[in-house]
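Written below as structure tokens is the structure these notes are about.
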Amino acid sequence: MKTGVFFATLWLFWLHLAWATKYEPNWKSLDKRPLPDWFDKAKIGIFLHWGVFSVPSFGSEWFWSEWQSNSSARINSYMKANYPPNFTYQDFAKDFSAEFFNSSQWADLFKRAGANYVVLTSKHHEGFTLWPSEYSFSWNAKDIGPHRDLLGDLGNAVKRAGLKFGVYHSLFEWFNPIYLADKRRNFTTQKFVDNKVLLEMKELVSNYKPWVIWSDGDWEADDTYWRSTDFLAWLYNESPVKDQVVVNDRWGRGTTCIHGDFINCHDRYNPGKLQRKKWENAMTLDRESWGFRRNADLSDYLTPHQLLTVLAQTISCGGNLLINLGPTKEGTIAPIFQDRLTQLGAWLRINGEAIYNSRPWILQNDTVNPQVWYTSGNNAVYAIDLEWPLDNKVILGGAVSLFKSPDTAVSLLGNLGKLKWVMNSRRVEVHLPDKATAKSEGAWVLKIATSN
């Protein structure tokens with residue numbers, strides 16, 4: 001058979017398989033879908049919480065809920081001290097100006113940070129959409145506030161930068177009267193889902209083609225109320241991103257940590273060990289909030305070293321790291337967030353081969369040195385050391401098997417030359433250069449290449 005005919009036949013065979021795969025609207029069928037390859041390779045993403053809550057930028061993105069429920073004395077005092085008695089949450093929307101928002105600058109920052117995908121809150125629990133949704137009349141960024149399609153602008157810039165674009169979407173809305181009516185009926189009616197949720201999610205996918213759909217706001221009702229499996233069957237079978245899209249695990253009570261293309265189980269999920277399926281650690285640079293806070297203290301933010309620690313733990317255990325920050329109402333990214341991202345990017349430019357396209361090794365955390373986490377790839381094992389030893393000697397207990405041959409080569413990423421190592425029956429001692437000569441900062445990576 002000629003080469004051209006062979007490859008044409010092979011292509012037709014795979015095309016037949018693709019068309020033959022049809023997912024049914026049930027979890028047994030949906031859970032058989034393989035994870036698109038790009039997501040595991042991506043490793044690092046940026047999460048953005050942006051909305052009307054960015055205007056008060058006080059407390060957290062749950063500002064409206066905590067204010068209306070009187071659950072936060074701080075917020076109540078803040079509102080009484082700064083706003084008239086008849087002020088409503090909707091009145092904040094006009095000040096969501098985004099006048100300094102430059103989508104290309106944002107995308108450039110995220111790329112320099114080493115991220116491979118970006119997830120934006122298309123709609124948080126407040127119900128305000130960052131795109132001109134047909135199903136959110138007068139409560140969207142085109143009709144009020146910035147009068148722009150913020151989601152479309154950022155999505156286009158992210159894609160131009162060579163990154164994947166995704167959307168966060170809240171299923172429920174705190175104070176939507178149609179949703180509250182369904183809730184009062186114990187979710188025996190589905191008017192909110194049928195007339196808003198499904199329509200706006202299909203609108204999002206059809207118009208913006210996101211490669212990630214990060215669902216949330218699901219926990220008050222079962223997945224049958226949300227018609228989650230119906231939507232996912234459409235997404236996987238018919239949508240314009242059916243072959244690339246990935247979704248998380250928040251599709252109704254009882255689905256978290258079980259279903260979806262990847263799991264994130266709960267906020268800041270960092271199990272410290274391998275999981276049965278692909279997972280993601282969605283975490284915040286500001287420990288107290290996902291949205292921007294004007295009242296944050298410096299101590300509330302993760303230090304560069306703390307961020308590298310979470311990165312090493314997450315990637316070692318097979319997860320992706322989704323790093324959240326909250327933009328301001330004016331459309332800027334606070335300097336402290338820029339600093340953390342640029343420092344991360346500088347570290348990754350030296351040590352990225354231990355992160356991108358890596359796989360978990362047989363051991364994640366070293367057996368005698370808790371400051372060391374392992375990854376593997378490129379015919380090597382990488383030991384990420386989070387603490388430079390005072391005597392310039394790294395002790396490894398879990399990697400002894402790699403040093404059975406005297407030809408095993410160890411190098412420090414960013415530096416030239418091989419490092420001396422000494423082994424006894426239980427541990428290996430790797431001799432580092434003087435710390436002042438190390439190119440990396442904050443964490444250091446040993447590349448261990450065996451002769452096999």
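How things are named: the first chain in the structure tokens is A, the next is B, and so on; residues count from 1 in each chain; ligands count from 1 in the order shown.
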Report the residues of region 27-229 of chain A whose backbone DSSP state falls under strand (DSSP E or B), written as a list in words.
Ile44, Gly45, Ile46, Phe47, Leu48, Tyr117, Val118, Val119, Leu120, Thr121, Ser122, Lys123, Thr129, Asn140, Lys164, Phe165, Gly166, Val167, Tyr168, His169, Ser170, Val212, Ile213, Trp214, Ser215, Asp216 and Asp222 of chain A
Please report the interatomic distance between CA of His125 (chain A) and CA of Leu151 (chain A) in Å with one decimal.
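Computing the Euclidean distance for CA of His125 (chain A) and CA of Leu151 (chain A) yields 16.5 Å.
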Taking only C-alpha atoms into account, which of A:Phe47, A:Trp106, A:Trp421, A:Phe403 comes nearest Gln338 (chain A)?
A:Trp106
Coordinates-based distance that separates CA of Glu173 (chain A) from CA of Glu126 (chain A) (Å, one decimal):
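Between CA of Glu126 (chain A) and CA of Glu173 (chain A) the gap works out to 5.7 Å.
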Near Asp243 (chain A), counting only C-alpha atoms, which residues have an atom at most 10 Å away, once you skip same-chain residues fewer than 3 positions from it, shown as number ranges by chain?
A: 18, 34-36, 211, 235-240, 246
For those residues, write N, CA, C and O atoms to a file as a CSV table (one decimal), in the first residue's frame.
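Printed below is part-v8.csv as written:
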chain,number,residue,atom,x,y,z
A,18,ALA,N,-14.3,8.9,15.9
A,18,ALA,CA,-14.7,10.1,16.5
A,18,ALA,C,-16.2,10.3,16.3
A,18,ALA,O,-16.9,10.7,17.3
A,34,PRO,N,-12.3,10.5,27.6
A,34,PRO,CA,-10.9,10.7,28.0
A,34,PRO,C,-10.6,12.2,28.2
A,34,PRO,O,-11.2,13.0,27.5
A,35,LEU,N,-9.6,12.5,29.1
A,35,LEU,CA,-9.2,13.8,29.3
A,35,LEU,C,-8.4,14.3,28.1
A,35,LEU,O,-7.5,13.7,27.7
A,36,PRO,N,-8.8,15.5,27.5
A,36,PRO,CA,-8.0,16.0,26.4
A,36,PRO,C,-6.6,16.3,26.9
A,36,PRO,O,-6.3,16.8,28.0
A,211,TRP,N,-12.2,26.6,26.3
A,211,TRP,CA,-11.6,25.3,26.5
A,211,TRP,C,-11.7,24.8,27.9
A,211,TRP,O,-11.4,23.6,28.2
A,235,LEU,N,-22.4,19.3,25.3
A,235,LEU,CA,-21.0,19.9,25.2
A,235,LEU,C,-20.0,18.9,24.5
A,235,LEU,O,-19.2,19.3,23.7
A,236,TYR,N,-20.1,17.6,24.9
A,236,TYR,CA,-19.2,16.6,24.4
A,236,TYR,C,-19.5,16.1,23.0
A,236,TYR,O,-18.6,15.6,22.3
A,237,ASN,N,-20.8,16.2,22.6
A,237,ASN,CA,-21.2,15.6,21.4
A,237,ASN,C,-21.4,16.7,20.2
A,237,ASN,O,-21.0,16.4,19.1
A,238,GLU,N,-21.8,17.9,20.6
A,238,GLU,CA,-22.3,18.8,19.5
A,238,GLU,C,-21.6,20.2,19.6
A,238,GLU,O,-21.6,20.9,18.6
A,239,SER,N,-21.1,20.6,20.7
A,239,SER,CA,-20.6,21.9,20.8
A,239,SER,C,-19.4,22.2,20.0
A,239,SER,O,-18.7,21.2,19.6
A,240,PRO,N,-19.0,23.4,19.7
A,240,PRO,CA,-17.9,23.7,18.9
A,240,PRO,C,-16.5,23.4,19.5
A,240,PRO,O,-15.5,23.5,18.9
A,246,VAL,N,-12.6,21.0,28.7
A,246,VAL,CA,-12.6,20.2,30.0
A,246,VAL,C,-13.5,20.9,31.0
A,246,VAL,O,-13.6,22.1,30.9
Spatial neighbours of Ile213 (chain A), 6 Å, only C-alpha atoms, chain gap at least 5 places, as a PyMOL selection string
chain A and resi 166-168+247
Nearest candidate to Tyr225 (chain A) (options A:Phe262, A:Trp174, A:Trp251, A:Phe187; using only C-alpha atoms):
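So, comparing all the options, the nearest one is A:Phe187.
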Between CA of His169 (chain A) and CA of Asp216 (chain A), what is the distance, to one decimal in Å?
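Computed distance, CA of His169 (chain A) to CA of Asp216 (chain A), equals 6.2 Å.
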Test item: residues at most 6 Å from Pro25 (chain A), only C-alpha atoms, excluding those fewer than 2 positions along its chain, as a ChimeraX atom specification
/A:229-230,233
Applying 8 Å and only C-alpha atoms, which residues near region 300-309 of chain A remain after dropping the ones on its own chain fewer than 3 positions away? List them as a PyMOL selection string.
chain A and resi 285-288+296-297+312-313+340+343-344+386+442-443
Using only C-alpha atoms, determine which residues lie at most 8 Å from Lys43 (chain A), disregarding the query and same-chain residues fewer than 6 positions distant; provide the list as JSON, numbers by chain.
{"A": [115, 116, 315, 319, 320, 321, 355, 356, 357]}
